[in-house]
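Raw contents of start-v8.csv, CSV, C-alpha atoms:
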chain,number,residue,atom,x,y,z
A,14,MET,CA,83.3,135.7,87.9
A,15,LYS,CA,83.5,133.2,85.1
A,16,PRO,CA,86.2,130.7,84.1
A,17,ALA,CA,88.5,131.5,81.2
A,18,PRO,CA,87.6,129.7,78.0
A,19,PHE,CA,88.6,126.0,77.9
A,20,GLU,CA,88.1,122.9,75.8
A,21,TYR,CA,86.0,120.2,77.5
A,22,VAL,CA,86.5,116.5,76.7
A,23,ARG,CA,84.8,113.5,78.3
A,24,PRO,CA,86.4,110.2,77.4
A,25,ARG,CA,84.7,106.9,78.2
A,26,THR,CA,87.8,104.8,78.7
A,27,ARG,CA,90.9,104.9,80.8
A,28,ALA,CA,93.0,104.9,77.7
A,29,GLY,CA,91.0,107.8,76.3
A,30,VAL,CA,91.5,109.8,79.5
A,31,LEU,CA,95.3,109.2,79.5
A,32,ALA,CA,95.5,110.1,75.8
A,33,ALA,CA,93.6,113.4,76.4
A,34,LEU,CA,95.9,114.3,79.3
A,35,ALA,CA,99.0,113.5,77.3
A,36,ALA,CA,97.8,115.6,74.4
A,37,ALA,CA,97.0,118.5,76.8
A,38,GLY,CA,100.2,118.3,78.7
A,39,GLU,CA,100.6,121.3,81.2
A,40,ASP,CA,97.4,122.8,79.8
A,41,GLY,CA,95.2,120.0,81.0
A,42,LYS,CA,93.3,119.4,84.2
A,43,VAL,CA,91.3,116.4,85.5
A,44,LEU,CA,87.7,117.0,86.4
A,45,ALA,CA,86.2,114.5,88.8
A,46,GLY,CA,84.0,116.0,91.5
A,47,GLY,CA,85.1,119.6,90.8
A,48,GLN,CA,84.5,120.9,94.3
A,49,SER,CA,88.0,122.4,94.5
A,50,LEU,CA,88.7,122.9,90.8
A,51,ILE,CA,85.5,124.8,89.8
A,52,PRO,CA,86.0,127.6,92.4
A,53,LEU,CA,89.6,128.0,91.2
A,54,LEU,CA,88.4,128.2,87.6
A,55,SER,CA,85.7,130.7,88.5
A,56,MET,CA,88.1,133.0,90.3
A,57,ARG,CA,90.6,132.5,87.5
A,58,LEU,CA,93.2,131.2,89.9
A,59,ALA,CA,93.6,128.3,87.5
A,60,SER,CA,93.1,128.6,83.7
A,61,PRO,CA,93.7,125.3,82.0
A,62,LYS,CA,93.0,125.1,78.3
A,63,VAL,CA,91.6,121.6,78.5
A,64,LEU,CA,89.3,119.9,81.1
A,65,VAL,CA,89.3,116.2,81.0
A,66,ASP,CA,86.1,114.9,82.6
A,67,ILE,CA,86.8,111.3,84.0
A,68,ASN,CA,83.3,110.6,85.3
A,69,LEU,CA,82.2,108.3,82.4
A,70,VAL,CA,85.0,105.8,83.0
A,71,PRO,CA,83.3,102.8,84.7
A,72,ASP,CA,86.2,101.3,86.6
A,73,PHE,CA,87.2,104.7,88.1
A,74,SER,CA,84.3,104.5,90.5
A,75,ALA,CA,85.6,101.2,92.0
A,76,LEU,CA,85.9,100.9,95.8
A,77,LYS,CA,87.6,97.7,96.6
A,78,ILE,CA,87.9,96.3,100.1
A,79,SER,CA,90.1,93.2,100.6
A,80,PRO,CA,91.3,91.4,103.7
A,81,THR,CA,94.5,93.5,103.5
A,82,HIS,CA,93.7,96.8,101.7
A,83,VAL,CA,91.2,99.5,100.8
A,84,GLU,CA,91.5,100.7,97.2
A,85,ILE,CA,89.7,104.0,96.2
A,86,GLY,CA,89.1,104.9,92.6
A,87,PRO,CA,89.3,108.5,91.4
A,88,THR,CA,85.5,109.1,91.1
A,89,VAL,CA,84.6,107.5,94.5
A,90,ARG,CA,82.7,110.2,96.4
A,91,HIS,CA,83.4,111.3,99.9
A,92,GLN,CA,80.0,110.3,101.0
A,93,GLU,CA,80.4,106.7,99.8
A,94,LEU,CA,83.6,106.3,101.9
A,95,LEU,CA,82.0,108.1,104.9
A,96,THR,CA,79.0,105.8,105.0
A,97,SER,CA,80.7,102.5,104.1
A,98,GLU,CA,80.7,100.3,107.2
A,99,ALA,CA,83.3,98.1,105.6
A,100,VAL,CA,85.7,101.0,105.1
A,101,ARG,CA,85.0,102.2,108.6
A,102,LYS,CA,86.1,98.9,110.0
A,103,ALA,CA,89.1,98.6,107.8
A,104,VAL,CA,90.5,102.1,108.0
A,105,PRO,CA,88.5,104.0,110.7
A,106,LEU,CA,90.5,107.2,110.2
A,107,LEU,CA,89.0,107.7,106.8
A,108,ALA,CA,85.5,108.1,108.3
A,109,GLN,CA,86.8,110.1,111.3
A,110,ALA,CA,88.4,112.6,108.9
A,111,LEU,CA,85.7,112.7,106.3
A,112,SER,CA,83.1,113.8,108.9
A,113,TYR,CA,84.9,117.1,109.0
A,114,VAL,CA,85.1,117.6,105.2
A,115,ALA,CA,82.9,120.5,104.1
A,116,HIS,CA,79.2,119.9,104.0
A,117,PRO,CA,76.8,117.1,102.8
A,118,VAL,CA,76.2,118.6,99.4
A,119,ILE,CA,79.9,118.9,98.7
A,120,ARG,CA,80.6,115.4,100.1
A,121,ASN,CA,78.0,114.0,97.8
A,122,ARG,CA,79.9,115.2,94.8
A,123,GLY,CA,83.5,115.7,95.9
A,124,THR,CA,86.0,112.8,95.4
A,125,SER,CA,88.5,111.5,98.0
A,126,VAL,CA,91.2,110.8,95.5
A,127,GLY,CA,90.7,114.2,93.9
A,128,SER,CA,91.0,115.9,97.4
A,129,ILE,CA,94.3,114.1,97.9
A,130,ALA,CA,95.6,115.0,94.4
A,131,HIS,CA,94.6,118.6,95.0
A,132,ALA,CA,97.3,118.6,97.8
A,133,ASP,CA,95.7,121.3,99.9
A,134,PRO,CA,97.7,121.5,103.1
A,135,SER,CA,94.4,122.3,104.9
A,136,GLY,CA,92.8,119.1,103.7
A,137,GLU,CA,91.9,116.3,106.1
A,138,LEU,CA,92.6,113.5,103.7
A,139,THR,CA,96.1,114.8,103.0
A,140,ALA,CA,96.9,114.3,106.6
A,141,VAL,CA,95.3,110.8,106.5
A,142,LEU,CA,97.5,109.8,103.6
A,143,SER,CA,100.6,111.1,105.2
A,144,LEU,CA,100.0,109.5,108.6
A,145,LEU,CA,99.0,106.1,107.3
A,146,ASP,CA,101.6,106.3,104.5
A,147,GLY,CA,99.0,105.3,101.9
A,148,VAL,CA,100.0,104.8,98.3
A,149,VAL,CA,98.9,106.9,95.3
A,150,THR,CA,98.9,105.1,92.0
A,151,ILE,CA,99.8,107.6,89.2
A,152,GLU,CA,99.3,106.8,85.6
A,153,GLY,CA,100.2,108.4,82.3
A,154,GLN,CA,100.9,107.2,78.8
A,155,ASP,CA,104.5,106.6,79.7
A,156,GLY,CA,103.5,104.1,82.4
A,157,THR,CA,102.4,103.6,86.0
A,158,ARG,CA,104.1,104.4,89.2
A,159,GLU,CA,103.3,104.3,92.9
A,160,VAL,CA,104.2,107.1,95.4
A,161,THR,CA,103.8,106.8,99.2
A,162,GLY,CA,102.2,109.4,101.3
A,163,SER,CA,105.5,110.5,102.7
A,164,ASP,CA,106.7,111.5,99.2
A,165,PHE,CA,103.5,112.6,97.5
A,166,PHE,CA,103.1,116.2,98.7
A,167,LEU,CA,105.7,118.6,97.5
A,168,GLY,CA,104.2,121.9,98.6
A,169,PRO,CA,100.9,123.8,98.8
A,170,LEU,CA,98.7,122.5,96.0
A,171,GLU,CA,101.7,120.7,94.6
A,172,SER,CA,102.0,116.9,94.4
A,173,ALA,CA,104.2,114.3,92.7
A,174,ILE,CA,101.7,114.1,89.8
A,175,ASN,CA,103.3,115.4,86.6
A,176,SER,CA,101.6,117.0,83.6
A,177,GLY,CA,99.9,114.4,81.5
A,178,GLU,CA,99.4,112.2,84.5
A,179,MET,CA,96.6,111.5,87.0
A,180,ALA,CA,96.0,109.7,90.2
A,181,THR,CA,94.0,106.6,89.4
A,182,ARG,CA,93.9,104.9,92.8
A,183,VAL,CA,94.7,105.5,96.4
A,184,THR,CA,95.4,102.5,98.6
A,185,PHE,CA,95.4,102.1,102.3
A,186,GLY,CA,96.4,99.1,104.3
A,187,ARG,CA,93.8,97.7,106.6
A,188,LEU,CA,94.7,98.9,110.1
A,189,PRO,CA,95.6,96.3,112.7
A,190,THR,CA,93.1,95.8,115.5
A,191,THR,CA,95.6,97.1,118.0
A,192,MET,CA,95.7,100.5,116.3
A,193,GLY,CA,93.4,103.4,117.3
A,194,THR,CA,93.0,106.6,115.3
A,195,ALA,CA,91.4,109.9,115.7
A,196,CYS,CA,90.9,113.2,113.8
A,197,VAL,CA,90.2,116.5,115.6
A,198,GLU,CA,90.2,120.0,114.3
A,199,VAL,CA,89.2,123.6,115.1
A,200,SER,CA,87.5,125.7,112.4
A,201,ARG,CA,85.5,128.9,112.5
A,202,ARG,CA,82.4,126.9,111.5
A,203,HIS,CA,81.9,123.2,111.0
A,204,GLY,CA,82.8,122.4,107.4
A,205,ASP,CA,85.1,125.4,107.0
A,206,TYR,CA,88.8,124.9,106.4
A,207,ALA,CA,90.5,124.0,109.7
A,208,LEU,CA,92.6,126.6,111.5
A,209,VAL,CA,94.5,123.6,112.8
A,210,GLY,CA,93.8,119.9,112.5
A,211,VAL,CA,95.4,116.7,113.9
A,212,CYS,CA,95.2,113.1,112.9
A,213,ALA,CA,96.6,110.7,115.4
A,214,ALA,CA,97.4,107.0,115.5
A,215,ILE,CA,98.4,104.8,118.4
A,216,VAL,CA,99.3,101.1,118.4
A,217,LEU,CA,99.0,99.1,121.6
A,218,GLY,CA,101.4,96.5,122.7
A,219,GLU,CA,101.2,94.1,125.7
A,220,ASP,CA,98.9,94.9,128.6
A,221,HIS,CA,97.3,97.8,126.6
A,222,GLN,CA,100.5,99.8,126.8
A,223,ILE,CA,101.4,102.2,124.0
A,224,ASP,CA,103.9,100.7,121.5
A,225,ARG,CA,103.8,103.4,118.8
A,226,ALA,CA,102.3,106.9,118.5
A,227,ARG,CA,102.3,109.4,115.6
A,228,ILE,CA,100.4,112.4,114.6
A,229,SER,CA,99.9,114.3,111.3
A,230,LEU,CA,99.2,118.0,111.4
A,231,PHE,CA,97.2,119.9,108.7
A,232,SER,CA,96.7,123.6,108.3
A,233,VAL,CA,100.0,124.1,110.0
A,234,GLY,CA,102.6,124.0,107.2
A,235,PRO,CA,102.9,123.9,103.4
A,236,THR,CA,102.4,120.1,103.5
A,237,PRO,CA,101.1,117.7,106.2
A,238,ILE,CA,103.6,117.4,109.1
A,239,VAL,CA,104.1,113.9,110.6
A,240,ILE,CA,105.6,113.7,114.0
A,241,ASP,CA,106.5,110.5,115.9
A,242,VAL,CA,106.1,110.7,119.7
A,243,SER,CA,106.6,107.0,120.4
A,244,GLY,CA,109.7,107.8,122.4
A,245,ILE,CA,107.6,109.9,124.9
A,246,LEU,CA,104.5,107.7,125.1
A,247,LYS,CA,106.0,104.2,124.6
A,248,GLY,CA,105.1,101.8,127.5
A,249,ILE,CA,102.5,104.1,129.2
A,250,ARG,CA,98.8,103.7,129.7
A,251,ILE,CA,96.6,106.7,130.6
A,252,ASP,CA,98.9,109.3,132.2
A,253,SER,CA,98.1,112.9,131.8
A,254,LYS,CA,101.7,114.0,132.4
A,255,HIS,CA,102.9,112.1,129.4
A,256,TRP,CA,100.0,113.3,127.2
A,257,ARG,CA,101.0,116.9,128.0
A,258,GLU,CA,104.7,116.2,127.4
A,259,ALA,CA,104.0,114.7,124.0
A,260,ALA,CA,101.7,117.6,123.0
A,261,ARG,CA,104.2,120.2,124.1
A,262,PHE,CA,106.9,118.4,122.1
A,263,ILE,CA,104.7,118.5,119.0
A,264,ALA,CA,103.9,122.2,119.4
A,265,SER,CA,107.6,123.0,119.9
A,266,SER,CA,108.4,121.2,116.6
A,267,VAL,CA,106.4,123.4,114.4
A,268,ASP,CA,106.4,127.1,113.4
A,269,PRO,CA,103.1,127.8,111.7
A,270,ASP,CA,102.5,131.0,109.7
A,271,GLY,CA,100.0,133.5,111.0
A,272,ASP,CA,97.3,135.0,108.7
A,273,ILE,CA,94.0,136.8,108.9
A,274,HIS,CA,92.3,133.8,110.5
A,275,ALA,CA,94.8,133.0,113.2
A,276,THR,CA,98.1,134.2,114.6
A,277,THR,CA,101.2,132.0,114.9
A,278,ALA,CA,100.9,131.9,118.6
A,279,TYR,CA,97.2,130.9,118.5
A,280,ARG,CA,98.0,128.1,116.0
A,281,LYS,CA,100.8,126.8,118.1
A,282,ASN,CA,98.5,126.7,121.1
A,283,LEU,CA,95.9,124.9,119.0
A,284,VAL,CA,98.6,122.4,117.9
A,285,GLU,CA,99.3,121.6,121.6
A,286,VAL,CA,95.7,121.3,122.7
A,287,LEU,CA,94.5,119.3,119.7
A,288,SER,CA,97.6,117.0,119.8
A,289,LYS,CA,96.8,116.0,123.3
A,290,ARG,CA,93.1,115.5,122.6
A,291,GLY,CA,93.8,113.6,119.4
A,292,LEU,CA,96.3,111.2,121.1
A,293,GLN,CA,93.9,110.6,124.0
A,294,CYS,CA,91.1,109.8,121.6
A,295,ALA,CA,93.2,107.5,119.5
A,296,TYR,CA,94.3,105.7,122.6
A,297,GLN,CA,90.7,105.2,123.7
A,298,ASN,CA,89.7,104.1,120.2
A,299,ALA,CA,92.6,101.5,120.3
A,300,LEU,CA,91.3,100.1,123.6
A,301,ASP,CA,87.8,99.9,122.1
A,302,ARG,CA,89.0,98.1,119.0
A,303,VAL,CA,91.0,95.6,121.1
A,304,ALA,CA,87.9,95.0,123.3
A,305,VAL,CA,85.7,94.3,120.3
A,306,LYS,CA,88.3,91.8,119.0
A,307,GLN,CA,88.3,90.0,122.3

Please re-express this file's structure in C-alpha cells.
Amino acid sequence: MKPAPFEYVRPRTRAGVLAALAAAGEDGKVLAGGQSLIPLLSMRLASPKVLVDINLVPDFSALKISPTHVEIGPTVRHQELLTSEAVRKAVPLLAQALSYVAHPVIRNRGTSVGSIAHADPSGELTAVLSLLDGVVTIEGQDGTREVTGSDFFLGPLESAINSGEMATRVTFGRLPTTMGTACVEVSRRHGDYALVGVCAAIVLGEDHQIDRARISLFSVGPTPIVIDVSGILKGIRIDSKHWREAARFIASSVDPDGDIHATTAYRKNLVEVLSKRGLQCAYQNALDRVAVKQ
C-alpha cells in the first residue's frame, strides 16, 4: 500500500518547524525517525496533508547530560541513548527498556522522543516516562509548556500534544544511587510488541531495606499504568512472601483486554509473574548501585 498524497516540508530552524506546524494545524504531522509514522501512512491509518521533517534542525539532535538531568532532543536516536554510558549511569532504566525496543535497524533510525510522543500503550518508553515522571517540553507558536509523565498520556496514540505543537525535549532527573530499576517483558519474538511489560523502580533506605517501590505496566491498558506497592514492600529485604504479595496486588488492580495475541486471563497471569520478576531485579540492581557507590 502507498500513503495518501501529502505535502513535504523540511525546515532548517526551530522557528521554521513551528511555523510549518502552525500553518498545517490538524493536517500536519512531525517526521523524525518515522519508524511508527511511515507504516501508519503506508496502511492509510493516518493521512496527514503535511509532513514536517525536523531532521535538519541542528539543536534537535542534542543529548545533554548534567549533574541533575538528562535532556533528550527530538531527533536523538534510540541507539545513541542505548549505547551512551553516561545515560546508562544517570538513568539506567532508559537503557534497560531500550534493549527491548524493536531491532537494531529500527533503533538506528527511530527517535526516543518520537516514541514517547507517539503514545503507544505498548511502548517501553511510555512506561519509563510514566514511572520516572519525566517531563515533556511541548512547543508551538503560542508558547512553551511542560507536561509531566503522569499527565502526558490521554489514551491510545493520544497525548497532551495539540495540533500545531510538537515535543521538543524530554527530561529525566538523574536517579539517586539508592534507586534500582528494571524492565522485563514477554513478546512472541524479541523486538515484537510486548504482550505484557513491566518497568520497576525500588528505592532503598537504611540497612538496604526497601523504602519505596513502584511499577509501570505497558501493553495492559490504554495508557501506562503506574502502581505503588511501597505499602507492601516497605521495610523488607529479600522475602519471597512479600514479592508474591506485591505481584498479586498488582495483578488484582488491572483488567487487561484480551485480543488475538493473548487472553485477559493470560495477560493477568503475565502481570503477576513479570511484576514479581521486575521488582526483584530492581531490588538487586539497587543493591548493586549502592555497592558501587561504597

(message) Calculated over all atoms listed in the file, which of the candidates A:Arg23, A:Arg187, A:Lys281, A:Arg261 has the smallest distance to Leu106 (chain A)?
(response) A:Arg187

(message) Would you compute the distance between CA of Val148 (chain A) and CA of Leu107 (chain A)? Give it in Å to one decimal.
(response) 14.2 Å

(request) Identify which of the residues A:Asp270, A:Glu159, A:Glu20, A:Asp224 lies closest to Asp66 (chain A), counting only C-alpha atoms when measuring atom-to-atom distances. (result)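 Once distances to Asp66 (chain A) are computed over only C-alpha atoms, the minimum belongs to A:Glu20.
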
(request) Please provide as an NGL selection string all residues within 12 Å of Ser112 (chain A), with the sequence filter that same-chain residues fewer than 2 positions apart are discarded (counting all atoms listed in the file). (result) :A and (91-96 or 101 or 105-110 or 114-117 or 119-120 or 137-138 or 195-198 or 203-205)

(message) Ranking A:Gly46, A:Gly234, A:Gly186, A:Pro61 by minimum distance to Leu34 (chain A) and counting all atoms listed in the file, which one comes first?
(response)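 So, comparing all the options, the nearest one is A:Pro61.
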
(request) Could you give me, as a ChimeraX atom specification, the residues within 12 Å of Leu50 (chain A), counting all atoms listed in the file and dropping anything in the same chain fewer than 5 positions from it? (result) /A:16,42-45,55-61,64-66,123-124,127-128,130-133,170

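Coordinates place CA of Thr184 (chain A) at a distance of 19.5 Å from CA of Ile228 (chain A).
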
(message) So that I can see what lies close to region 154-158 of chain A, please list as a ChimeraX atom specification the residues with an atom at most 7 Å from it, counting all atoms listed in the file and leaving out residues fewer than 2 positions away in the same chain.
(response) /A:31-32,35,150-152,160

(message) Please list as an MDAnalysis selection string every residue within 10 Å of Val209 (chain A), counting all atoms listed in the file and excluding residues in the same chain fewer than 6 positions away.
(response) chainID A and resid 135 197:200 230:234 269 275 279:284 287

(request) Work out how far apart CA of Lys306 (chain A) and CA of Thr190 (chain A) are and give it in Å to one decimal. (result) 7.2 Å

(message) Measuring between all atoms listed in the file, which one of A:Val267, A:Val216, A:Ile245, A:Val286 shows the shortest distance to Leu300 (chain A)?
(response)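 Looking at the shortest contact to Leu300 (chain A), the residue is A:Val216.
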
(message) Could you list, as a VMD selection string, every residue within 12 Å of Gly248 (chain A), counting only C-alpha atoms and ignoring same-chain residues fewer than 4 positions away?
(response) chain A and resid 215 to 226 242 to 244 252 255

(request) Select, from A:Gly168, A:Val100, A:Arg202, A:Thr191, the residue with the minimum atom-to-atom distance to Val305 (chain A), counting only C-alpha atoms. (result)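 Distance minimum relative to Val305 (chain A) lands on A:Thr191.
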
(request) Go through A:Leu167, A:Leu292, A:Val22, A:Ile67 one by one, measure the shortest atom-to-atom distance of each to Cys212 (chain A) using all atoms listed in the file, and give the residue with the smallest value. (result)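 Smallest distance to Cys212 (chain A) is found for A:Leu292.
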
What would the file be for region 39-140 of chain A if you keep C-alpha atoms and write it as a PDB file, in the first residue's frame?
ATOM      1  CA  GLU A  39      -4.643  19.397  12.461  1.00  0.00           C
ATOM      2  CA  ASP A  40      -3.457  18.378   8.990  1.00  0.00           C
ATOM      3  CA  GLY A  41       0.235  18.347   9.996  1.00  0.00           C
ATOM      4  CA  LYS A  42       2.474  15.583  11.349  1.00  0.00           C
ATOM      5  CA  VAL A  43       6.057  15.693  12.578  1.00  0.00           C
ATOM      6  CA  LEU A  44       8.501  13.364  10.834  1.00  0.00           C
ATOM      7  CA  ALA A  45      11.578  12.488  12.905  1.00  0.00           C
ATOM      8  CA  GLY A  46      12.634   8.832  12.718  1.00  0.00           C
ATOM      9  CA  GLY A  47       9.440   7.744  11.001  1.00  0.00           C
ATOM     10  CA  GLN A  48       9.553   4.167  12.318  1.00  0.00           C
ATOM     11  CA  SER A  49       5.989   4.409  13.652  1.00  0.00           C
ATOM     12  CA  LEU A  50       4.587   7.073  11.341  1.00  0.00           C
ATOM     13  CA  ILE A  51       5.632   5.647   7.972  1.00  0.00           C
ATOM     14  CA  PRO A  52       3.844   2.288   8.477  1.00  0.00           C
ATOM     15  CA  LEU A  53       0.700   4.172   9.524  1.00  0.00           C
ATOM     16  CA  LEU A  54       0.919   6.280   6.375  1.00  0.00           C
ATOM     17  CA  SER A  55       1.517   3.246   4.180  1.00  0.00           C
ATOM     18  CA  MET A  56      -1.543   1.483   5.596  1.00  0.00           C
ATOM     19  CA  ARG A  57      -3.501   4.766   5.395  1.00  0.00           C
ATOM     20  CA  LEU A  58      -4.299   4.588   9.089  1.00  0.00           C
ATOM     21  CA  ALA A  59      -3.050   8.185   9.120  1.00  0.00           C
ATOM     22  CA  SER A  60      -3.431  10.619   6.237  1.00  0.00           C
ATOM     23  CA  PRO A  61      -1.893  13.986   7.126  1.00  0.00           C
ATOM     24  CA  LYS A  62      -1.819  16.584   4.388  1.00  0.00           C
ATOM     25  CA  VAL A  63       1.554  17.955   5.513  1.00  0.00           C
ATOM     26  CA  LEU A  64       4.662  16.173   6.816  1.00  0.00           C
ATOM     27  CA  VAL A  65       7.115  18.429   8.625  1.00  0.00           C
ATOM     28  CA  ASP A  66      10.570  16.817   8.594  1.00  0.00           C
ATOM     29  CA  ILE A  67      12.571  18.087  11.596  1.00  0.00           C
ATOM     30  CA  ASN A  68      15.860  16.305  10.905  1.00  0.00           C
ATOM     31  CA  LEU A  69      17.736  19.342   9.571  1.00  0.00           C
ATOM     32  CA  VAL A  70      17.339  21.387  12.771  1.00  0.00           C
ATOM     33  CA  PRO A  71      20.766  21.148  14.481  1.00  0.00           C
ATOM     34  CA  ASP A  72      19.768  21.658  18.109  1.00  0.00           C
ATOM     35  CA  PHE A  73      17.031  18.995  17.899  1.00  0.00           C
ATOM     36  CA  SER A  74      19.722  16.299  17.999  1.00  0.00           C
ATOM     37  CA  ALA A  75      21.117  17.490  21.341  1.00  0.00           C
ATOM     38  CA  LEU A  76      21.594  14.975  24.158  1.00  0.00           C
ATOM     39  CA  LYS A  77      22.500  16.875  27.323  1.00  0.00           C
ATOM     40  CA  ILE A  78      23.645  15.137  30.485  1.00  0.00           C
ATOM     41  CA  SER A  79      24.081  17.337  33.544  1.00  0.00           C
ATOM     42  CA  PRO A  80      24.738  16.516  37.213  1.00  0.00           C
ATOM     43  CA  THR A  81      20.971  16.573  37.782  1.00  0.00           C
ATOM     44  CA  HIS A  82      19.206  15.775  34.499  1.00  0.00           C
ATOM     45  CA  VAL A  83      19.246  14.036  31.139  1.00  0.00           C
ATOM     46  CA  GLU A  84      17.658  16.071  28.331  1.00  0.00           C
ATOM     47  CA  ILE A  85      16.788  14.298  25.081  1.00  0.00           C
ATOM     48  CA  GLY A  86      16.186  16.207  21.857  1.00  0.00           C
ATOM     49  CA  PRO A  87      13.516  15.114  19.354  1.00  0.00           C
ATOM     50  CA  THR A  88      15.924  13.634  16.797  1.00  0.00           C
ATOM     51  CA  VAL A  89      18.146  11.717  19.244  1.00  0.00           C
ATOM     52  CA  ARG A  90      18.071   8.091  18.084  1.00  0.00           C
ATOM     53  CA  HIS A  91      17.286   5.107  20.280  1.00  0.00           C
ATOM     54  CA  GLN A  92      20.709   3.633  19.607  1.00  0.00           C
ATOM     55  CA  GLU A  93      22.513   6.736  20.846  1.00  0.00           C
ATOM     56  CA  LEU A  94      20.697   6.548  24.169  1.00  0.00           C
ATOM     57  CA  LEU A  95      21.140   2.789  24.421  1.00  0.00           C
ATOM     58  CA  THR A  96      24.904   2.929  23.903  1.00  0.00           C
ATOM     59  CA  SER A  97      25.616   6.056  25.980  1.00  0.00           C
ATOM     60  CA  GLU A  98      27.472   5.059  29.126  1.00  0.00           C
ATOM     61  CA  ALA A  99      26.727   8.471  30.647  1.00  0.00           C
ATOM     62  CA  VAL A 100      22.971   7.962  30.124  1.00  0.00           C
ATOM     63  CA  ARG A 101      23.188   4.416  31.487  1.00  0.00           C
ATOM     64  CA  LYS A 102      24.758   5.713  34.705  1.00  0.00           C
ATOM     65  CA  ALA A 103      22.361   8.641  35.071  1.00  0.00           C
ATOM     66  CA  VAL A 104      19.063   6.893  34.165  1.00  0.00           C
ATOM     67  CA  PRO A 105      19.690   3.135  33.917  1.00  0.00           C
ATOM     68  CA  LEU A 106      16.041   2.399  33.099  1.00  0.00           C
ATOM     69  CA  LEU A 107      16.392   4.060  29.688  1.00  0.00           C
ATOM     70  CA  ALA A 108      18.978   1.515  28.550  1.00  0.00           C
ATOM     71  CA  GLN A 109      17.131  -1.346  30.255  1.00  0.00           C
ATOM     72  CA  ALA A 110      13.947  -0.511  28.354  1.00  0.00           C
ATOM     73  CA  LEU A 111      15.577   0.386  25.033  1.00  0.00           C
ATOM     74  CA  SER A 112      17.191  -3.044  24.803  1.00  0.00           C
ATOM     75  CA  TYR A 113      13.662  -4.383  24.142  1.00  0.00           C
ATOM     76  CA  VAL A 114      12.717  -1.783  21.539  1.00  0.00           C
ATOM     77  CA  ALA A 115      12.316  -3.363  18.099  1.00  0.00           C
ATOM     78  CA  HIS A 116      15.521  -4.318  16.255  1.00  0.00           C
ATOM     79  CA  PRO A 117      18.923  -2.673  15.609  1.00  0.00           C
ATOM     80  CA  VAL A 118      17.948  -1.273  12.218  1.00  0.00           C
ATOM     81  CA  ILE A 119      14.878   0.408  13.707  1.00  0.00           C
ATOM     82  CA  ARG A 120      16.764   1.633  16.768  1.00  0.00           C
ATOM     83  CA  ASN A 121      19.355   3.236  14.489  1.00  0.00           C
ATOM     84  CA  ARG A 122      16.671   5.440  12.946  1.00  0.00           C
ATOM     85  CA  GLY A 123      13.848   5.663  15.476  1.00  0.00           C
ATOM     86  CA  THR A 124      13.793   8.528  17.960  1.00  0.00           C
ATOM     87  CA  SER A 125      13.107   8.218  21.675  1.00  0.00           C
ATOM     88  CA  VAL A 126      11.145  11.458  21.970  1.00  0.00           C
ATOM     89  CA  GLY A 127       9.138  10.440  18.908  1.00  0.00           C
ATOM     90  CA  SER A 128       8.320   7.096  20.517  1.00  0.00           C
ATOM     91  CA  ILE A 129       7.040   8.859  23.621  1.00  0.00           C
ATOM     92  CA  ALA A 130       5.058  11.406  21.567  1.00  0.00           C
ATOM     93  CA  HIS A 131       3.503   8.540  19.583  1.00  0.00           C
ATOM     94  CA  ALA A 132       1.878   7.457  22.891  1.00  0.00           C
ATOM     95  CA  ASP A 133       1.618   3.780  22.019  1.00  0.00           C
ATOM     96  CA  PRO A 134       0.462   1.960  25.186  1.00  0.00           C
ATOM     97  CA  SER A 135       2.673  -0.966  24.122  1.00  0.00           C
ATOM     98  CA  GLY A 136       5.791   1.200  24.015  1.00  0.00           C
ATOM     99  CA  GLU A 137       8.550   0.668  26.546  1.00  0.00           C
ATOM    100  CA  LEU A 138       9.473   4.342  26.754  1.00  0.00           C
ATOM    101  CA  THR A 139       5.910   5.366  27.567  1.00  0.00           C
ATOM    102  CA  ALA A 140       6.199   3.243  30.701  1.00  0.00           C
TER     103      ALA A 140
END
